[in-house]
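So this block is coords-v1.txt, compact mmCIF, C-alpha atoms:
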# COMPACT_ATOMS: atom_id res chain seq x y z
CA MET M 1 18.88 -21.67 2.97
CA GLU M 2 15.61 -19.99 2.14
CA ILE M 3 15.59 -16.39 1.06
CA ASN M 4 12.41 -14.36 1.03
CA LEU M 5 12.38 -12.93 -2.46
CA SER M 6 9.16 -11.04 -1.93
CA THR M 7 10.99 -8.27 -0.03
CA LEU M 8 12.48 -7.11 -3.35
CA ILE M 9 9.11 -6.94 -5.10
CA ASP M 10 8.16 -3.39 -6.01
CA GLU M 11 4.95 -2.79 -7.88
CA LYS M 12 6.45 0.35 -9.43
CA VAL M 13 8.46 -1.98 -11.68
CA ILE M 14 5.81 -4.60 -12.37
CA ARG M 15 3.71 -4.34 -15.54
CA PHE M 16 1.19 -6.64 -17.20
CA GLU M 17 0.47 -5.13 -20.63
CA PHE M 18 3.79 -3.56 -21.48
CA PRO M 19 3.98 -2.04 -24.96
CA GLY M 20 6.96 -2.33 -27.27
CA ASN M 21 7.77 -3.60 -30.75
CA ASP M 22 11.26 -4.99 -30.34
CA LYS M 23 13.88 -6.03 -27.86
CA ASN M 24 15.87 -2.77 -27.95
CA GLU M 25 12.83 -0.59 -27.45
CA ILE M 26 11.62 -2.77 -24.59
CA ILE M 27 14.98 -2.77 -22.78
CA LYS M 28 15.13 1.03 -23.06
CA SER M 29 11.55 1.43 -21.77
CA ILE M 30 12.15 -0.87 -18.81
CA ALA M 31 15.38 1.00 -18.00
CA ALA M 32 13.34 4.22 -17.97
CA LEU M 33 10.77 2.60 -15.69
CA MET M 34 13.51 1.50 -13.28
CA TYR M 35 14.94 5.01 -13.34
CA GLU M 36 11.55 6.52 -12.48
CA ALA M 37 11.18 4.00 -9.63
CA GLY M 38 14.56 5.10 -8.23
CA LYS M 39 16.33 1.78 -8.87
CA VAL M 40 18.95 3.20 -11.21
CA THR M 41 20.58 6.62 -11.25
CA ASP M 42 21.28 6.81 -14.99
CA LYS M 43 18.92 5.01 -17.36
CA ASP M 44 21.13 5.31 -20.44
CA LYS M 45 24.21 4.00 -18.69
CA TYR M 46 22.22 1.14 -17.18
CA ALA M 47 20.62 0.27 -20.55
CA GLU M 48 24.05 0.37 -22.19
CA GLY M 49 25.29 -2.18 -19.64
CA VAL M 50 22.33 -4.40 -20.44
CA PHE M 51 22.95 -4.15 -24.20
CA GLU M 52 26.61 -4.99 -23.67
CA ARG M 53 25.58 -8.15 -21.82
CA GLU M 54 23.12 -9.02 -24.61
CA ARG M 55 25.94 -8.82 -27.14
CA GLU M 56 27.98 -11.37 -25.19
CA CYS M 57 25.23 -13.94 -25.11
CA THR M 58 21.47 -14.04 -25.39
CA THR M 59 19.38 -13.74 -22.24
CA GLY M 60 16.36 -15.38 -23.86
CA ILE M 61 16.36 -18.45 -21.63
CA GLY M 62 13.48 -20.20 -23.38
CA LYS M 63 9.79 -20.78 -22.64
CA GLY M 64 9.05 -17.19 -23.67
CA VAL M 65 11.16 -15.65 -20.89
CA ALA M 66 14.13 -13.26 -21.12
CA ILE M 67 16.30 -11.99 -18.30
CA PRO M 68 18.33 -9.02 -19.54
CA HIS M 69 20.64 -7.80 -16.79
CA CYS M 70 23.87 -6.12 -15.85
CA LYS M 71 25.99 -5.06 -12.95
CA SER M 72 26.63 -1.35 -13.11
CA ALA M 73 27.66 1.71 -11.15
CA ALA M 74 24.43 3.27 -12.47
CA VAL M 75 22.41 0.88 -10.29
CA LYS M 76 21.36 2.23 -6.91
CA GLU M 77 20.01 -0.98 -5.41
CA ALA M 78 19.67 -4.60 -6.39
CA SER M 79 16.31 -4.91 -8.05
CA PHE M 80 14.26 -6.61 -10.73
CA ALA M 81 11.45 -5.52 -13.00
CA LEU M 82 8.73 -8.05 -13.87
CA ILE M 83 7.27 -7.18 -17.24
CA LYS M 84 4.58 -9.04 -19.10
CA LEU M 85 4.65 -7.87 -22.71
CA LYS M 86 1.59 -6.91 -24.66
CA ASN M 87 3.06 -8.51 -27.78
CA SER M 88 5.75 -11.16 -27.89
CA VAL M 89 9.01 -10.14 -29.59
CA GLU M 90 12.04 -11.82 -31.14
CA TRP M 91 14.89 -12.25 -28.63
CA ASN M 92 17.25 -14.76 -30.25
CA SER M 93 16.30 -17.15 -27.45
CA LEU M 94 18.00 -20.45 -26.63
CA ASP M 95 14.90 -22.31 -27.82
CA GLY M 96 14.29 -19.98 -30.79
CA LYS M 97 10.89 -18.88 -29.49
CA PRO M 98 9.74 -15.26 -29.11
CA VAL M 99 9.65 -13.65 -25.68
CA SER M 100 6.51 -12.52 -23.88
CA TYR M 101 7.86 -12.08 -20.34
CA VAL M 102 10.90 -10.01 -19.38
CA ILE M 103 12.61 -10.09 -16.00
CA MET M 104 15.20 -7.33 -16.00
CA LEU M 105 17.77 -7.54 -13.22
CA ALA M 106 19.91 -4.71 -11.92
CA ALA M 107 22.87 -5.23 -9.62
CA PRO M 108 25.01 -2.43 -8.19
CA ASP M 109 28.77 -2.61 -8.66
CA ASN M 110 29.40 -3.06 -4.96
CA GLY M 111 26.25 -4.88 -4.05
CA GLU M 112 25.62 -6.40 -0.66
CA ASP M 113 25.70 -10.16 -0.79
CA GLU M 114 22.27 -10.41 0.76
CA HIS M 115 20.68 -8.66 -2.21
CA LEU M 116 22.83 -10.36 -4.83
CA LYS M 117 21.74 -13.64 -3.27
CA MET M 118 18.13 -12.69 -3.89
CA LEU M 119 18.83 -12.04 -7.57
CA SER M 120 20.64 -15.35 -7.87
CA GLN M 121 17.81 -17.14 -6.08
CA LEU M 122 15.36 -15.65 -8.57
CA ALA M 123 17.59 -16.89 -11.42
CA ARG M 124 17.57 -20.39 -9.90
CA ASN M 125 13.79 -20.31 -9.55
CA LEU M 126 13.48 -19.60 -13.26
CA MET M 127 14.75 -23.12 -13.95
CA ASP M 128 11.63 -24.44 -12.21
CA ASP M 129 8.90 -24.84 -14.83
CA ASP M 130 6.08 -24.45 -12.30
CA PHE M 131 7.54 -21.20 -10.98
CA VAL M 132 7.83 -19.78 -14.51
CA ASP M 133 4.34 -20.93 -15.38
CA ILE M 134 2.77 -19.22 -12.38
CA LEU M 135 4.84 -16.04 -12.82
CA THR M 136 4.12 -15.61 -16.50
CA HIS M 137 0.40 -16.22 -15.99
CA ALA M 138 0.04 -13.98 -12.93
CA ALA M 139 -2.39 -11.12 -13.52
CA THR M 140 -1.88 -9.22 -10.25
CA VAL M 141 0.98 -8.11 -8.00
CA GLU M 142 -0.62 -10.15 -5.18
CA GLU M 143 -0.28 -13.38 -7.15
CA ILE M 144 3.40 -12.63 -7.74
CA GLU M 145 3.93 -11.83 -4.05
CA LYS M 146 2.33 -15.08 -3.07
CA LEU M 147 4.56 -17.01 -5.48
CA PHE M 148 7.71 -15.26 -4.26
CA MET M 149 6.81 -15.77 -0.60
CA GLY M 150 6.48 -19.48 -1.24
CA GLY M 151 10.26 -19.77 -0.83
CA ARG M 152 10.46 -21.97 -3.89
CA MET B 1 28.35 -42.06 -8.76
CA TYR B 2 29.49 -38.57 -7.72
CA ILE B 3 29.94 -35.64 -10.09
CA VAL B 4 31.18 -32.14 -9.39
CA CYS B 5 30.41 -29.02 -11.44
CA VAL B 6 31.52 -25.41 -11.64
CA THR B 7 29.38 -22.69 -13.20
CA SER B 8 30.43 -19.15 -14.04
CA CYS B 9 29.46 -16.30 -16.36
CA PRO B 10 30.70 -12.78 -17.11
CA VAL B 11 28.26 -10.82 -14.92
CA GLY B 12 27.70 -13.48 -12.32
CA ILE B 13 24.17 -12.73 -11.22
CA ALA B 14 21.99 -14.89 -13.43
CA HIS B 15 23.38 -17.54 -15.80
CA THR B 16 25.81 -18.92 -13.20
CA TYR B 17 22.90 -19.78 -10.94
CA MET B 18 20.48 -20.94 -13.60
CA ALA B 19 23.14 -23.33 -14.91
CA ALA B 20 23.84 -24.52 -11.37
CA ALA B 21 20.17 -25.19 -10.66
CA ASN B 22 19.78 -27.08 -13.93
CA LEU B 23 22.87 -29.24 -13.53
CA GLU B 24 21.79 -30.18 -10.01
CA LYS B 25 18.36 -31.09 -11.22
CA ALA B 26 19.62 -33.08 -14.21
CA ALA B 27 22.20 -35.01 -12.17
CA LYS B 28 19.71 -35.86 -9.43
CA ALA B 29 17.22 -37.03 -12.04
CA LYS B 30 19.87 -39.57 -13.11
CA GLY B 31 20.30 -40.67 -9.51
CA LEU B 32 23.76 -39.14 -9.21
CA GLU B 33 25.25 -37.39 -6.22
CA VAL B 34 26.20 -33.87 -7.29
CA LYS B 35 27.91 -30.78 -5.94
CA VAL B 36 27.94 -27.51 -7.88
CA GLU B 37 30.35 -24.68 -7.17
CA THR B 38 29.23 -21.24 -8.35
CA GLN B 39 31.73 -18.52 -9.25
CA GLY B 40 29.55 -15.42 -9.51
CA ALA B 41 29.31 -11.86 -8.32
CA GLN B 42 29.17 -13.17 -4.76
CA GLY B 43 32.50 -14.93 -5.20
CA VAL B 44 33.08 -18.67 -4.91
CA GLU B 45 30.26 -20.53 -3.17
CA ASN B 46 29.91 -24.19 -2.33
CA GLU B 47 33.57 -24.74 -3.23
CA ILE B 48 34.68 -28.11 -4.61
CA THR B 49 37.35 -29.34 -2.20
CA LYS B 50 40.27 -31.74 -2.63
CA GLU B 51 38.21 -34.35 -0.81
CA ASP B 52 35.36 -33.89 -3.30
CA ILE B 53 37.73 -34.33 -6.23
CA LYS B 54 39.29 -37.42 -4.67
CA ARG B 55 35.98 -39.26 -4.70
CA ALA B 56 34.37 -37.61 -7.76
CA ASP B 57 33.90 -39.68 -10.93
CA GLY B 58 33.71 -36.71 -13.26
CA CYS B 59 33.42 -32.96 -13.59
CA ILE B 60 31.39 -30.51 -15.66
CA ILE B 61 32.62 -26.96 -16.11
CA ALA B 62 29.89 -24.70 -17.52
CA SER B 63 31.46 -21.34 -18.12
CA ASP B 64 32.09 -18.62 -20.69
CA ILE B 65 35.10 -17.28 -18.86
CA ARG B 66 38.26 -18.77 -17.32
CA ILE B 67 37.24 -20.28 -14.05
CA LYS B 68 39.29 -19.86 -10.90
CA ASN B 69 41.57 -22.72 -10.00
CA SER B 70 40.70 -25.00 -12.92
CA GLY B 71 43.87 -27.06 -12.51
CA ARG B 72 42.42 -28.90 -9.54
CA PHE B 73 40.17 -30.94 -11.88
CA GLU B 74 43.05 -32.41 -13.90
CA PRO B 75 42.89 -35.79 -12.13
CA ILE B 76 39.28 -36.48 -13.18
CA PRO B 77 37.41 -36.64 -16.53
CA THR B 78 36.18 -33.13 -17.21
CA LEU B 79 33.63 -31.87 -19.71
CA ASN B 80 33.76 -28.19 -20.66
CA VAL B 81 30.60 -26.51 -21.96
CA SER B 82 29.30 -22.97 -22.27
CA VAL B 83 27.09 -21.70 -19.49
CA SER B 84 24.19 -21.24 -21.94
CA GLU B 85 24.31 -24.91 -22.87
CA ALA B 86 23.75 -25.80 -19.23
CA VAL B 87 20.83 -23.35 -19.04
CA LYS B 88 19.33 -24.81 -22.21
CA ASP B 89 19.87 -28.53 -21.79
CA ALA B 90 21.71 -29.80 -18.71
CA LYS B 91 20.35 -33.30 -19.20
CA SER B 92 22.33 -33.87 -22.41
CA ILE B 93 25.49 -32.55 -20.77
CA VAL B 94 25.18 -34.94 -17.83
CA GLU B 95 24.51 -37.81 -20.26
CA GLU B 96 27.57 -36.85 -22.31
CA LEU B 97 29.74 -36.90 -19.21
CA LEU B 98 28.36 -40.29 -18.17
CA GLU B 99 29.13 -41.72 -21.62
CA ALA B 100 32.66 -40.37 -21.44
CA ILE B 101 33.24 -41.93 -18.04
CA GLU B 102 31.90 -45.37 -18.95
In structure tokens, how does this file's structure come out?
Amino acid sequence: MEINLSTLIDEKVIRFEFPGNDKNEIIKSIAALMYEAGKVTDKDKYAEGVFERERECTTGIGKGVAIPHCKSAAVKEASFALIKLKNSVEWNSLDGKPVSYVIMLAAPDNGEDEHLKMLSQLARNLMDDDFVDILTHAATVEEIEKLFMGGR
Amino acid sequence: MYIVCVTSCPVGIAHTYMAAANLEKAAKAKGLEVKVETQGAQGVENEITKEDIKRADGCIIASDIRIKNSGRFEPIPTLNVSVSEAVKDAKSIVEELLEAIE
């Protein structure tokens, strides 16, 4: 089953030189970005959900990538932000390394399976070293679209 | 050799599926046949059936929460790990299960 992930790409929530000094600040800024892009209806409530998830277990999955996320009533539609950080930050990652790329996922409480499937497909893709390498080195939205259309 | 796995996490949109992808990859790299059931926000997918369990040599449960219907794995050797461990290093988990079976 191949799912075309590129349909969920939205350049309003893609950044390449994202500022921020620590994990908390970055999560809050990305939540604000997702609010401005119309993905979430309440940025504080969404961010709180993300922090709650962080407390349960780290989302620093290694190789410099973190995937903070939550499922919340404050989420309007299943979406993800792709954020390349200007400076890497400490994230208590599984491999102990700092994080320089953040993929923040948002899932609505009563999400349609189709969209949840896309988020889970993205999560699966992150276990593919080549996919992560291309994503974290991409410098344009077009490169990311091309990667996501590849159906990897 | 045939192994079955179940992955699950509290939110059910990310770790469940990363762990599933990793366990599949690690098992296949060892030349094993593998089936991974995910219990995530989309419910139970790719469910491990009675027939699977009948011919399975072992089971890996990678979860931070109580999985649904865990009793069905009682007949076979089962290794329980956290979902993060499977995201971090599925290879070692598969090796540990293989050692336990042999």
Considering all atoms listed in the file, can you say which of B:Leu32, B:Ile101, B:Ala21, B:Ile93 comes closest to chain M? B:Ala21
Compute the chain B side of the contact with chain M at 7 Å, counting all atoms listed in the file, and hand it back as JSON, numbers by chain. {"B": [11, 13, 14, 17, 18, 21, 22, 42, 88]}
Give me, please, the distance in Å between CA of Leu5 in chain M and CA of Val65 in chain M, quoted to one decimal.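 That distance, rounded to one decimal, is 18.7 Å.
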Would you place a box with edges along x, y and z of the file around all atoms of range 50-58 of chain M listed there, add 3 Å to each of its six sides, and report the centre and edge lengths in Å to one decimal, as JSON?
{"center_x": 24.7, "center_y": -9.1, "center_z": -23.8, "size_x": 12.5, "size_y": 15.9, "size_z": 12.7}
Spatial neighbours of range 46-57 of chain B, max dist 10 Å, only C-alpha atoms, sep filter under 4 positions, as a PyMOL selection string: chain B and resi 1-6+33-39+72-78+97-98+101
For Cys9 in chain B, work out the shell of residues within 9 Å, counting all atoms listed in the file and skipping chain neighbours fewer than 3 positions away, then give it as a VMD selection string. chain B and resid 12 to 16 39 to 40 62 to 65 82 to 83
What is the CA of Pro98 in chain M-CA of Asn21 in chain M distance in Å, reported with one decimal?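 CA of Asn21 in chain M lies at a distance of 11.9 Å from CA of Pro98 in chain M.
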Can you tell me how far CA of Lys91 in chain B sits from CA of Ala19 in chain B, in Å to one decimal?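 Atom-to-atom, CA of Lys91 in chain B and CA of Ala19 in chain B are spaced 11.2 Å apart.
Counting only C-alpha atoms, the residue from M:Glu25, M:Lys97, M:Ala78, M:Glu54 that sits nearest to Thr7 in chain M is M:Ala78.
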If we count only C-alpha atoms and set the cut-off at 6 Å, which residues sit around Lys39 in chain M, ignoring sequence neighbours fewer than 5 positions away in its own chain? Please answer as a CSV table (one decimal) with C-alpha atoms, in the coordinates of the input.
chain,number,residue,atom,x,y,z
M,34,MET,CA,13.5,1.5,-13.3
M,76,LYS,CA,21.4,2.2,-6.9
M,77,GLU,CA,20.0,-1.0,-5.4
So which residues touch Ala74 in chain M within 6 Å, counting only C-alpha atoms, skipping near sequence neighbours fewer than 5 positions away, as a count of residues only? 4
Identify, on the basis of only C-alpha atoms, every residue whose closest approach to Glu17 in chain M does not exceed 10 Å; exclude the query and any residue fewer than 3 positions from it along the same chain; express the result as a ChimeraX atom specification. /M:14,20,83-87,139
Neighbour residues at most 12 Å from (2.5, -21.0, -12.1) (all atoms listed in the file) as a compact mmCIF listing (two decimals) with C-alpha atoms, in the coordinates of the input:
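Contents of result.txt, as written:
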# COMPACT_ATOMS: atom_id res chain seq x y z
CA ASN M 125 13.79 -20.31 -9.55
CA LEU M 126 13.48 -19.60 -13.26
CA ASP M 128 11.63 -24.44 -12.21
CA ASP M 129 8.90 -24.84 -14.83
CA ASP M 130 6.08 -24.45 -12.30
CA PHE M 131 7.54 -21.20 -10.98
CA VAL M 132 7.83 -19.78 -14.51
CA ASP M 133 4.34 -20.93 -15.38
CA ILE M 134 2.77 -19.22 -12.38
CA LEU M 135 4.84 -16.04 -12.82
CA THR M 136 4.12 -15.61 -16.50
CA HIS M 137 0.40 -16.22 -15.99
CA ALA M 138 0.04 -13.98 -12.93
CA ALA M 139 -2.39 -11.12 -13.52
CA GLU M 143 -0.28 -13.38 -7.15
CA ILE M 144 3.40 -12.63 -7.74
CA LYS M 146 2.33 -15.08 -3.07
CA LEU M 147 4.56 -17.01 -5.48
CA PHE M 148 7.71 -15.26 -4.26
CA GLY M 150 6.48 -19.48 -1.24
CA ARG M 152 10.46 -21.97 -3.89
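The shortest atom-to-atom distance to Ser88 in chain M, with all atoms listed in the file taken into account, belongs to M:Ile26 out of M:Val13, M:Ile26, M:Val141, M:Val50.
Each of M:Ala31, M:Met149, M:Val75, M:Val102 was compared to Phe18 in chain M using all atoms listed in the file, and M:Val102 turns out to be the nearest.
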Using all atoms listed in the file, collect all residues at a distance of at most 8 Å from (22.2, -30.3, -17.9) as written in the file, then present them as a PDB file with C-alpha atoms, in the frame of the given file.
ATOM      1  CA  ALA B  19      23.140 -23.330 -14.910  1.00  0.00           C
ATOM      2  CA  ASN B  22      19.780 -27.080 -13.930  1.00  0.00           C
ATOM      3  CA  LEU B  23      22.870 -29.240 -13.530  1.00  0.00           C
ATOM      4  CA  GLU B  24      21.790 -30.180 -10.010  1.00  0.00           C
ATOM      5  CA  LYS B  25      18.360 -31.090 -11.220  1.00  0.00           C
ATOM      6  CA  ALA B  26      19.620 -33.080 -14.210  1.00  0.00           C
ATOM      7  CA  ALA B  27      22.200 -35.010 -12.170  1.00  0.00           C
ATOM      8  CA  GLU B  85      24.310 -24.910 -22.870  1.00  0.00           C
ATOM      9  CA  ALA B  86      23.750 -25.800 -19.230  1.00  0.00           C
ATOM     10  CA  VAL B  87      20.830 -23.350 -19.040  1.00  0.00           C
ATOM     11  CA  LYS B  88      19.330 -24.810 -22.210  1.00  0.00           C
ATOM     12  CA  ASP B  89      19.870 -28.530 -21.790  1.00  0.00           C
ATOM     13  CA  ALA B  90      21.710 -29.800 -18.710  1.00  0.00           C
ATOM     14  CA  LYS B  91      20.350 -33.300 -19.200  1.00  0.00           C
ATOM     15  CA  SER B  92      22.330 -33.870 -22.410  1.00  0.00           C
ATOM     16  CA  ILE B  93      25.490 -32.550 -20.770  1.00  0.00           C
ATOM     17  CA  VAL B  94      25.180 -34.940 -17.830  1.00  0.00           C
TER      18      VAL B  94
END
So that I can look at just that part, could you write range 51-68 of chain B with C-alpha atoms, as an mmCIF file, in the first residue's frame?
data_model
loop_
_atom_site.group_PDB
_atom_site.id
_atom_site.type_symbol
_atom_site.label_atom_id
_atom_site.label_comp_id
_atom_site.auth_asym_id
_atom_site.auth_seq_id
_atom_site.Cartn_x
_atom_site.Cartn_y
_atom_site.Cartn_z
ATOM 1 C CA GLU B 51 -2.797 -19.391 12.853
ATOM 2 C CA ASP B 52 0.192 -17.032 13.051
ATOM 3 C CA ILE B 53 0.772 -17.921 16.691
ATOM 4 C CA LYS B 54 0.484 -21.641 15.955
ATOM 5 C CA ARG B 55 3.453 -21.529 13.607
ATOM 6 C CA ALA B 56 5.420 -18.667 15.212
ATOM 7 C CA ASP B 57 8.705 -19.462 16.993
ATOM 8 C CA GLY B 58 8.692 -16.359 19.150
ATOM 9 C CA CYS B 59 7.119 -12.997 19.840
ATOM 10 C CA ILE B 60 8.332 -9.474 20.564
ATOM 11 C CA ILE B 61 6.032 -6.996 22.265
ATOM 12 C CA ALA B 62 7.361 -3.433 22.013
ATOM 13 C CA SER B 63 5.034 -1.259 24.014
ATOM 14 C CA ASP B 64 4.807 1.283 26.821
ATOM 15 C CA ILE B 65 1.186 0.504 27.526
ATOM 16 C CA ARG B 66 -0.880 -2.655 28.075
ATOM 17 C CA ILE B 67 -1.469 -4.144 24.688
ATOM 18 C CA LYS B 68 -4.828 -5.517 23.635
#
